[in-house]
Amino acid sequence: MEAITLKRYIPVGLMSLGVANTLAYSPFQNWWLPFVTLFFLIAAITSANTAKQAARYGFYYGLGWFGAGISWVHVAIADFGGLPLIASVFLMALLVGYLALFPALASWLTFKNLKRFQLWGFPAFWLIAEFLRAILLTGFPWLSLGYSQLEGPFRSLAPIVGEFGLQAVVAVMAVSVYQFISKARQALGRKIDGLAITLIIFILGLSIYSTQKDWTGELKRTVRLALVQGNIEQSIKWQPENELPTMEKYLSMSTDFFSQHDLIIWPEAAIPRLEILANDYLREVDKLAAETNTALVTGIVDYQPETNLAYNNIIVLGKKRADDQFGHYSYLHNNRFNKHHLLPIGEFVPFESVLRKLGPIFDLPMSSFSRGYYQQDNLIAQGLKISPAICFEIAFSEQVRDNLYDNSDIILTVSNDAWFGASHGPWQHLQIAQMRALEFAKPVVRVTNNGITAIIDQNGEIISLLPQFKAAVLSHKLDIYESNTIYREFGNSIAWFGVILILLLSLIAQRLQPTSLLSKQS
């Protein structure tokens with residue numbers, strides 16, 4: 001009777017645990033929390049009577065996890081969506097409910113395979129669910145558990161297994177601790193789970209090794225950077241009367257930095273005028289940059305009437321190489337990057353013939369972009385090889401990896417997080433950029449409209465940043481090293497190999513010890 005009563009509180013408990021996950025990410029950084037929350041999710045799965053009930057437990061966990069974790073999305077919907085409150089809450093609930101399906105799937109698969117793998121299937125099924133979350137409906141891999149480990153002891157594993165692999169580490173450790181505790185509580189004479197102990201020791205040992213490993217080589221060069229944060233209010237950004245004042249503001253903020261810096265960078269869509277209409281301005285800046293021995297990188301939107309295509313671009317003005325005598329800009333020149341991974345609703349509208357009629361949120365300015373190629377050449381500015389990612393793209397580690405080349409110097413991500421106000425969204429976005437730096441041992445330069453503009457070194461550490469909601473310029477000398485990582489070479493294949501190996505070891509262990517602690521039928 002007592003057990004039945006306790007089960008009534010499992011949904012509320014799991015939602016609370018999911019909410020607690022938010023405190024594991026930036027700006028809170030309680031890295032240990034996911035180990036605890038997954039431990040209790042695993043306990044709930046083992047207590048379920050059916051696979052359907054296990055899936056519900058995973059769904060409750062997901063509702064708390066994403067409901068609190070991406071609550072900043074509602075800021076954009078409420079402030080700029082132009083919908084009634086009830087409609088914006090409904091859209092938010094729909095998004096959270098969709099994302100909660102993925103931990104529900106992992107829980108369902110785990111229960112269905114308890115007899116076959118015991119709980120060792122959980123890390124593999126978790127990765128399957130998270131992989132699907134990152135690709136379905138263009139993908140939304142935000143709040144992956146690996147990011148929570150950026151300030152924890154397992155951060156050193158990122159150059160080996162990546163953020164995706166860190167998710168597996170969290171899941172494996174949670175299962176290992178659960179198996180150890182549950183078997184230790186069994187009757188005397190029951191052997192402690194050898195696989196659990198082995199995995200704990202192996203992960204801790206690998207982490208210690210990685211901490212001592214230096215993924216960088218010789219110093220290649222030092223560059224002087226000026227990152228310009230214009231702090232333009234989102235509500236006025238695309239008003240025609242504010243185009244010229246915004247363009248003049250960025251130029252005036254940059255004037256004192258031209259002759260003293262190798263590279264000046266403006267954020268995503270810093271120039272609020274279509275490129276085809278801003279040619280005179282762009283040629284003026286191109287000439288100024290070249291005359292002062294500088295290059296300038298900026299975000300800009302373009303619409304091409306001949307093809308009826310629109311792109312969210314990054315372009316380079318001024319000197320392409322240090323020994324050039326003149327600027328190199330011309331309309332549609334090839335020293336540009338076209339955003340590939342577009343944000344649903346914000347940059348493209350699925351079923352737009354229907355949805356655009358439903359409300360302002362489906363008809364936002366600049367929400368009909370065309371997709372650039374998945375893999376593109378690096379930008380070249382003052383001889384610096386720059387691997388770019390615009391806004392949301394920095395969350396896709398495989399895409400960033402596939403756009404890094406042997407001679408790439410830095411990763412550049414430009415963004416406009418003004419949509420999300422003073423929420424924790426921009427901090428989570430910055431944390432994602434830090435993880436990319438750690439995975440590839442490459443500096444990441446992040447330039448935003450209103451914060452958080454920052455420079456991240458090859459170890460994933462923030463070495464300089466600007467405060468939010470302030471118009472300012474961040475000037476910094478950045479050292480660039482030769483570097484390579486195991487994750488750069490092999491990507492997510494290491495994580496997949498690891499969880500498959502654990503499944504095989506689990507099967508072997510059960511063959512050697514036929515008596516299973518978990519005898520639930522699938």
# chains A, B, ... in the order shown; residues from 1 in each chain; ligands from 1
$ residues_around --residues "region 32-39 of chain A" --least-positions-apart "5" --cutoff "12 Å" --atoms "only C-alpha atoms" --output "number ranges by chain"
A: 13-25, 44-46, 57-58, 61-62, 64-65, 103, 106-107, 119, 122-123, 126, 143-154, 166-182
$ write_last_selection --atoms "C-alpha atoms" --output "PDB file, in the first residue's frame"
ATOM      1  CA  GLY A  13       9.150  14.097  -8.585  1.00  0.00           C
ATOM      2  CA  LEU A  14      10.431  13.433 -12.108  1.00  0.00           C
ATOM      3  CA  MET A  15       9.234  16.800 -13.386  1.00  0.00           C
ATOM      4  CA  SER A  16      11.005  18.461 -10.458  1.00  0.00           C
ATOM      5  CA  LEU A  17      14.187  16.574 -11.291  1.00  0.00           C
ATOM      6  CA  GLY A  18      13.914  17.718 -14.894  1.00  0.00           C
ATOM      7  CA  VAL A  19      13.513  21.316 -13.742  1.00  0.00           C
ATOM      8  CA  ALA A  20      16.621  20.887 -11.589  1.00  0.00           C
ATOM      9  CA  ASN A  21      18.621  20.062 -14.730  1.00  0.00           C
ATOM     10  CA  THR A  22      18.397  23.731 -15.730  1.00  0.00           C
ATOM     11  CA  LEU A  23      20.691  24.560 -12.815  1.00  0.00           C
ATOM     12  CA  ALA A  24      23.398  22.353 -14.347  1.00  0.00           C
ATOM     13  CA  TYR A  25      23.862  24.702 -17.314  1.00  0.00           C
ATOM     14  CA  ALA A  44      11.713   5.121 -11.916  1.00  0.00           C
ATOM     15  CA  ILE A  45      12.187   3.062 -15.082  1.00  0.00           C
ATOM     16  CA  THR A  46      13.025  -0.041 -13.059  1.00  0.00           C
ATOM     17  CA  TYR A  57       8.136   8.628 -16.594  1.00  0.00           C
ATOM     18  CA  GLY A  58      10.635   9.757 -19.214  1.00  0.00           C
ATOM     19  CA  TYR A  61      11.235  14.139 -16.753  1.00  0.00           C
ATOM     20  CA  GLY A  62      11.414  15.809 -20.168  1.00  0.00           C
ATOM     21  CA  GLY A  64      10.485  19.586 -16.426  1.00  0.00           C
ATOM     22  CA  TRP A  65      13.831  19.531 -18.230  1.00  0.00           C
ATOM     23  CA  PRO A 103      13.596  11.061 -23.016  1.00  0.00           C
ATOM     24  CA  ALA A 106      14.868   6.411 -24.278  1.00  0.00           C
ATOM     25  CA  SER A 107      12.932   5.241 -21.198  1.00  0.00           C
ATOM     26  CA  LEU A 119      20.132  -1.207 -17.459  1.00  0.00           C
ATOM     27  CA  PHE A 122      20.070   3.034 -21.154  1.00  0.00           C
ATOM     28  CA  PRO A 123      23.199   4.950 -22.357  1.00  0.00           C
ATOM     29  CA  TRP A 126      19.656   7.791 -24.571  1.00  0.00           C
ATOM     30  CA  LEU A 143      20.325  21.461 -23.527  1.00  0.00           C
ATOM     31  CA  SER A 144      22.118  18.217 -24.348  1.00  0.00           C
ATOM     32  CA  LEU A 145      23.452  16.853 -21.079  1.00  0.00           C
ATOM     33  CA  GLY A 146      27.069  16.977 -22.222  1.00  0.00           C
ATOM     34  CA  TYR A 147      27.074  20.775 -22.003  1.00  0.00           C
ATOM     35  CA  SER A 148      26.408  20.538 -18.288  1.00  0.00           C
ATOM     36  CA  GLN A 149      29.885  19.040 -17.845  1.00  0.00           C
ATOM     37  CA  LEU A 150      31.784  22.081 -19.086  1.00  0.00           C
ATOM     38  CA  GLU A 151      32.752  23.018 -15.515  1.00  0.00           C
ATOM     39  CA  GLY A 152      32.959  19.467 -14.181  1.00  0.00           C
ATOM     40  CA  PRO A 153      35.778  16.919 -13.888  1.00  0.00           C
ATOM     41  CA  PHE A 154      34.795  15.161 -17.117  1.00  0.00           C
ATOM     42  CA  LEU A 166      29.880  13.358 -22.653  1.00  0.00           C
ATOM     43  CA  GLN A 167      26.158  12.588 -22.671  1.00  0.00           C
ATOM     44  CA  ALA A 168      27.091   8.912 -22.770  1.00  0.00           C
ATOM     45  CA  VAL A 169      29.560   9.438 -19.913  1.00  0.00           C
ATOM     46  CA  VAL A 170      26.839  10.975 -17.738  1.00  0.00           C
ATOM     47  CA  ALA A 171      24.427   8.153 -18.582  1.00  0.00           C
ATOM     48  CA  VAL A 172      27.021   5.398 -18.032  1.00  0.00           C
ATOM     49  CA  MET A 173      28.101   6.822 -14.690  1.00  0.00           C
ATOM     50  CA  ALA A 174      24.480   7.157 -13.539  1.00  0.00           C
ATOM     51  CA  VAL A 175      23.761   3.545 -14.485  1.00  0.00           C
ATOM     52  CA  SER A 176      27.009   2.361 -12.904  1.00  0.00           C
ATOM     53  CA  VAL A 177      26.256   4.032  -9.585  1.00  0.00           C
ATOM     54  CA  TYR A 178      22.688   2.703  -9.646  1.00  0.00           C
ATOM     55  CA  GLN A 179      23.849  -0.833 -10.409  1.00  0.00           C
ATOM     56  CA  PHE A 180      26.511  -0.664  -7.725  1.00  0.00           C
ATOM     57  CA  ILE A 181      24.106   0.573  -5.060  1.00  0.00           C
ATOM     58  CA  SER A 182      21.259  -1.763  -5.993  1.00  0.00           C
TER      59      SER A 182
END
$ residues_around --residues "region 334-339 of chain A" --least-positions-apart "6" --cutoff "9 Å" --atoms "only C-alpha atoms" --output "list in words"
Tyr311, Asn312, Asn313, Ile314, Ile315, Val316, Leu317, Lys320, His328, Phe369, Ser370, Arg371, Gly372, Tyr373, Tyr374, Gln376, Asp377, Asn378, Leu379, Ile380, Ala381, Pro388, Ala389, Ile390 and Glu393 of chain A
$ write_last_selection --atoms "N, CA and C atoms" --output "compact mmCIF listing (two decimals), in the first residue's frame"
# COMPACT_ATOMS: atom_id res chain seq x y z
N TYR A 311 19.63 34.93 -48.49
CA TYR A 311 20.60 34.25 -47.64
C TYR A 311 20.96 35.10 -46.44
N ASN A 312 21.19 34.41 -45.32
CA ASN A 312 21.77 35.02 -44.13
C ASN A 312 23.28 34.82 -44.25
N ASN A 313 24.00 35.91 -44.50
CA ASN A 313 25.42 35.81 -44.89
C ASN A 313 26.37 36.32 -43.82
N ILE A 314 27.61 35.86 -43.94
CA ILE A 314 28.77 36.55 -43.37
C ILE A 314 29.68 36.88 -44.55
N ILE A 315 30.13 38.13 -44.64
CA ILE A 315 31.03 38.52 -45.73
C ILE A 315 32.29 39.16 -45.16
N VAL A 316 33.34 39.18 -45.96
CA VAL A 316 34.61 39.78 -45.56
C VAL A 316 34.86 41.01 -46.42
N LEU A 317 35.24 42.10 -45.77
CA LEU A 317 35.62 43.34 -46.44
C LEU A 317 37.08 43.64 -46.12
N LYS A 320 42.02 40.58 -47.87
CA LYS A 320 41.87 39.12 -47.78
C LYS A 320 43.16 38.51 -47.26
N HIS A 328 38.98 43.74 -51.49
CA HIS A 328 38.62 42.73 -52.49
C HIS A 328 37.12 42.56 -52.65
N PHE A 369 14.47 32.50 -45.59
CA PHE A 369 15.83 32.33 -46.11
C PHE A 369 15.99 31.04 -46.91
N SER A 370 16.96 31.07 -47.78
CA SER A 370 17.38 29.87 -48.51
C SER A 370 18.56 29.25 -47.76
N ARG A 371 18.72 27.96 -47.94
CA ARG A 371 19.75 27.23 -47.21
C ARG A 371 21.06 27.22 -47.98
N GLY A 372 22.16 27.62 -47.33
CA GLY A 372 23.48 27.51 -47.94
C GLY A 372 23.96 26.07 -47.93
N TYR A 373 25.07 25.81 -48.58
CA TYR A 373 25.63 24.45 -48.61
C TYR A 373 26.04 24.01 -47.21
N TYR A 374 25.93 22.70 -46.97
CA TYR A 374 26.32 22.15 -45.67
C TYR A 374 27.80 22.39 -45.40
N GLN A 376 31.21 24.46 -46.63
CA GLN A 376 31.64 25.63 -47.39
C GLN A 376 33.09 25.95 -47.08
N ASP A 377 33.72 26.73 -47.96
CA ASP A 377 35.09 27.16 -47.74
C ASP A 377 35.16 28.08 -46.52
N ASN A 378 36.31 28.06 -45.86
CA ASN A 378 36.53 29.01 -44.77
C ASN A 378 36.62 30.43 -45.32
N LEU A 379 36.24 31.39 -44.49
CA LEU A 379 36.49 32.79 -44.82
C LEU A 379 37.98 33.07 -44.68
N ILE A 380 38.47 34.03 -45.46
CA ILE A 380 39.88 34.44 -45.35
C ILE A 380 39.91 35.94 -45.12
N ALA A 381 40.52 36.35 -44.01
CA ALA A 381 40.62 37.76 -43.65
C ALA A 381 42.01 38.03 -43.09
N PRO A 388 33.18 29.56 -40.02
CA PRO A 388 32.06 30.29 -39.44
C PRO A 388 30.86 29.41 -39.09
N ALA A 389 30.06 29.90 -38.16
CA ALA A 389 28.77 29.30 -37.81
C ALA A 389 27.88 30.45 -37.37
N ILE A 390 26.72 30.57 -37.98
CA ILE A 390 25.82 31.68 -37.68
C ILE A 390 24.78 31.24 -36.65
N GLU A 393 23.69 27.55 -35.56
CA GLU A 393 24.55 26.51 -36.15
C GLU A 393 25.64 26.04 -35.20
$ closest_residue --among "A:Leu288, A:Asn450, A:Phe326, A:Phe257" --to "Ala270 (chain A)" --atoms "only C-alpha atoms"
A:Asn450
$ atom_distance --atom1 "CA of Gly421 (chain A)" --atom2 "CA of Leu137 (chain A)"
25.7 Å
$ closest_residue --among "A:Leu466, A:Leu507, A:Val499, A:Asp286" --to "Ala124 (chain A)" --atoms "only C-alpha atoms"
A:Val499
$ residues_around --residues "Phe102 (chain A)" --least-positions-apart "3" --cutoff "6 Å" --atoms "only C-alpha atoms" --output "NGL selection string"
:A and (99 or 105 or 129)
$ residues_around --residues "Pro467 (chain A)" --least-positions-apart "6" --cutoff "10 Å" --atoms "only C-alpha atoms" --output "compact mmCIF listing (two decimals) with N, CA and C atoms, in the first residue's frame"
# COMPACT_ATOMS: atom_id res chain seq x y z
N GLN A 229 29.91 45.23 -30.50
CA GLN A 229 28.58 44.88 -30.00
C GLN A 229 27.71 46.14 -30.05
N ASN A 450 23.78 42.16 -28.80
CA ASN A 450 23.58 42.76 -27.47
C ASN A 450 24.13 41.89 -26.34
N GLY A 451 25.00 40.95 -26.65
CA GLY A 451 25.62 40.11 -25.66
C GLY A 451 25.10 38.67 -25.75
N ILE A 452 25.95 37.72 -25.45
CA ILE A 452 27.22 37.92 -24.76
C ILE A 452 28.36 37.74 -25.77
N THR A 453 29.01 38.86 -26.10
CA THR A 453 30.18 38.83 -26.99
C THR A 453 31.38 38.38 -26.18
N ALA A 454 32.15 37.42 -26.71
CA ALA A 454 33.24 36.84 -25.92
C ALA A 454 34.30 36.23 -26.81
$ closest_residue --among "A:Ile462, A:Glu241, A:Lys213, A:Gln118" --to "Leu195 (chain A)" --atoms "only C-alpha atoms"
A:Gln118
$ closest_atom_pairs --of "region 101-202 of chain A" --to "region 397-409 of chain A" --cutoff "10 Å" --atoms "only C-alpha atoms" --output "tab-separated table"
residue	atom	partner	partner_atom	distance
A:Pro141	CA	A:Ser397	CA	9.7
A:Gly162	CA	A:Ser397	CA	8.2
A:Glu163	CA	A:Ser397	CA	8.0
A:Phe164	CA	A:Ser397	CA	8.6
$ closest_atom_pairs --of "region 78-166 of chain A" --to "region 471-494 of chain A" --cutoff "12 Å" --atoms "only C-alpha atoms" --output "CSV"
residue,atom,partner,partner_atom,distance
A:Leu127,CA,A:Asn492,CA,10.4
A:Ile128,CA,A:Asn492,CA,11.9
A:Phe131,CA,A:Asn492,CA,10.1
A:Ser156,CA,A:Thr485,CA,11.5
A:Leu157,CA,A:Tyr487,CA,9.5
A:Ala158,CA,A:Tyr487,CA,7.5
A:Pro159,CA,A:Tyr487,CA,5.4
A:Ile160,CA,A:Tyr487,CA,4.8
A:Val161,CA,A:Tyr487,CA,5.6
A:Gly162,CA,A:Tyr487,CA,5.9
A:Glu163,CA,A:Asn492,CA,8.8
A:Phe164,CA,A:Asn492,CA,6.5
A:Gly165,CA,A:Asn492,CA,6.8
A:Leu166,CA,A:Asn492,CA,10.4
$ residues_around --residues "Cys391 (chain A)" --least-positions-apart "5" --cutoff "8 Å" --atoms "only C-alpha atoms" --output "ChimeraX atom specification"
/A:268,413-416
$ write_last_selection --atoms "C-alpha atoms" --output "PDB file, in the first residue's frame"
ATOM      1  CA  GLU A 268      24.848  38.593 -37.341  1.00  0.00           C
ATOM      2  CA  THR A 413      30.088  32.446 -34.470  1.00  0.00           C
ATOM      3  CA  VAL A 414      27.976  35.570 -34.900  1.00  0.00           C
ATOM      4  CA  SER A 415      24.542  35.902 -33.388  1.00  0.00           C
ATOM      5  CA  ASN A 416      21.687  38.154 -32.365  1.00  0.00           C
TER       6      ASN A 416
END
$ select_by_dssp --residues "region 237-354 of chain A" --states "strand (DSSP E or B)" --output "ChimeraX atom specification"
/A:263-265,271,295-304,309-318,336-338,344,348
$ write_last_selection --atoms "C-alpha atoms" --output "mmCIF file, in the first residue's frame"
data_model
loop_
_atom_site.group_PDB
_atom_site.id
_atom_site.type_symbol
_atom_site.label_atom_id
_atom_site.label_comp_id
_atom_site.auth_asym_id
_atom_site.auth_seq_id
_atom_site.Cartn_x
_atom_site.Cartn_y
_atom_site.Cartn_z
ATOM 1 C CA LEU A 263 40.395 42.050 -37.835
ATOM 2 C CA ILE A 264 37.180 43.844 -36.883
ATOM 3 C CA ILE A 265 34.033 41.728 -36.520
ATOM 4 C CA ILE A 271 23.944 45.736 -41.507
ATOM 5 C CA ALA A 295 39.878 43.227 -42.620
ATOM 6 C CA LEU A 296 36.271 43.467 -41.458
ATOM 7 C CA VAL A 297 33.812 40.587 -41.132
ATOM 8 C CA THR A 298 30.109 41.311 -40.862
ATOM 9 C CA GLY A 299 26.751 39.625 -40.984
ATOM 10 C CA ILE A 300 24.365 40.829 -43.678
ATOM 11 C CA VAL A 301 21.210 39.586 -45.380
ATOM 12 C CA ASP A 302 20.845 39.451 -49.154
ATOM 13 C CA TYR A 303 18.036 38.862 -51.596
ATOM 14 C CA GLN A 304 18.903 38.023 -55.198
ATOM 15 C CA LEU A 309 16.809 33.420 -53.184
ATOM 16 C CA ALA A 310 17.627 35.093 -49.861
ATOM 17 C CA TYR A 311 20.605 34.253 -47.641
ATOM 18 C CA ASN A 312 21.769 35.021 -44.131
ATOM 19 C CA ASN A 313 25.418 35.811 -44.886
ATOM 20 C CA ILE A 314 28.773 36.549 -43.369
ATOM 21 C CA ILE A 315 31.033 38.519 -45.726
ATOM 22 C CA VAL A 316 34.610 39.780 -45.563
ATOM 23 C CA LEU A 317 35.620 43.336 -46.441
ATOM 24 C CA GLY A 318 39.085 44.885 -46.676
ATOM 25 C CA ARG A 336 31.374 34.688 -47.852
ATOM 26 C CA PHE A 337 29.416 32.120 -45.865
ATOM 27 C CA ASN A 338 25.717 31.383 -46.366
ATOM 28 C CA PRO A 344 12.330 27.020 -37.904
ATOM 29 C CA PHE A 348 12.035 29.568 -42.566
#
$ select_by_dssp --residues "region 268-475 of chain A" --states "helix (DSSP H, G or I)" --output "number ranges by chain"
A: 275-277, 279-291, 352-355, 360-363, 391-395, 397-402, 417-420, 425-440
$ closest_residue --among "A:Ala278, A:Ala226, A:Ile42, A:Val96" --to "Trp120 (chain A)" --atoms "only C-alpha atoms"
A:Ile42
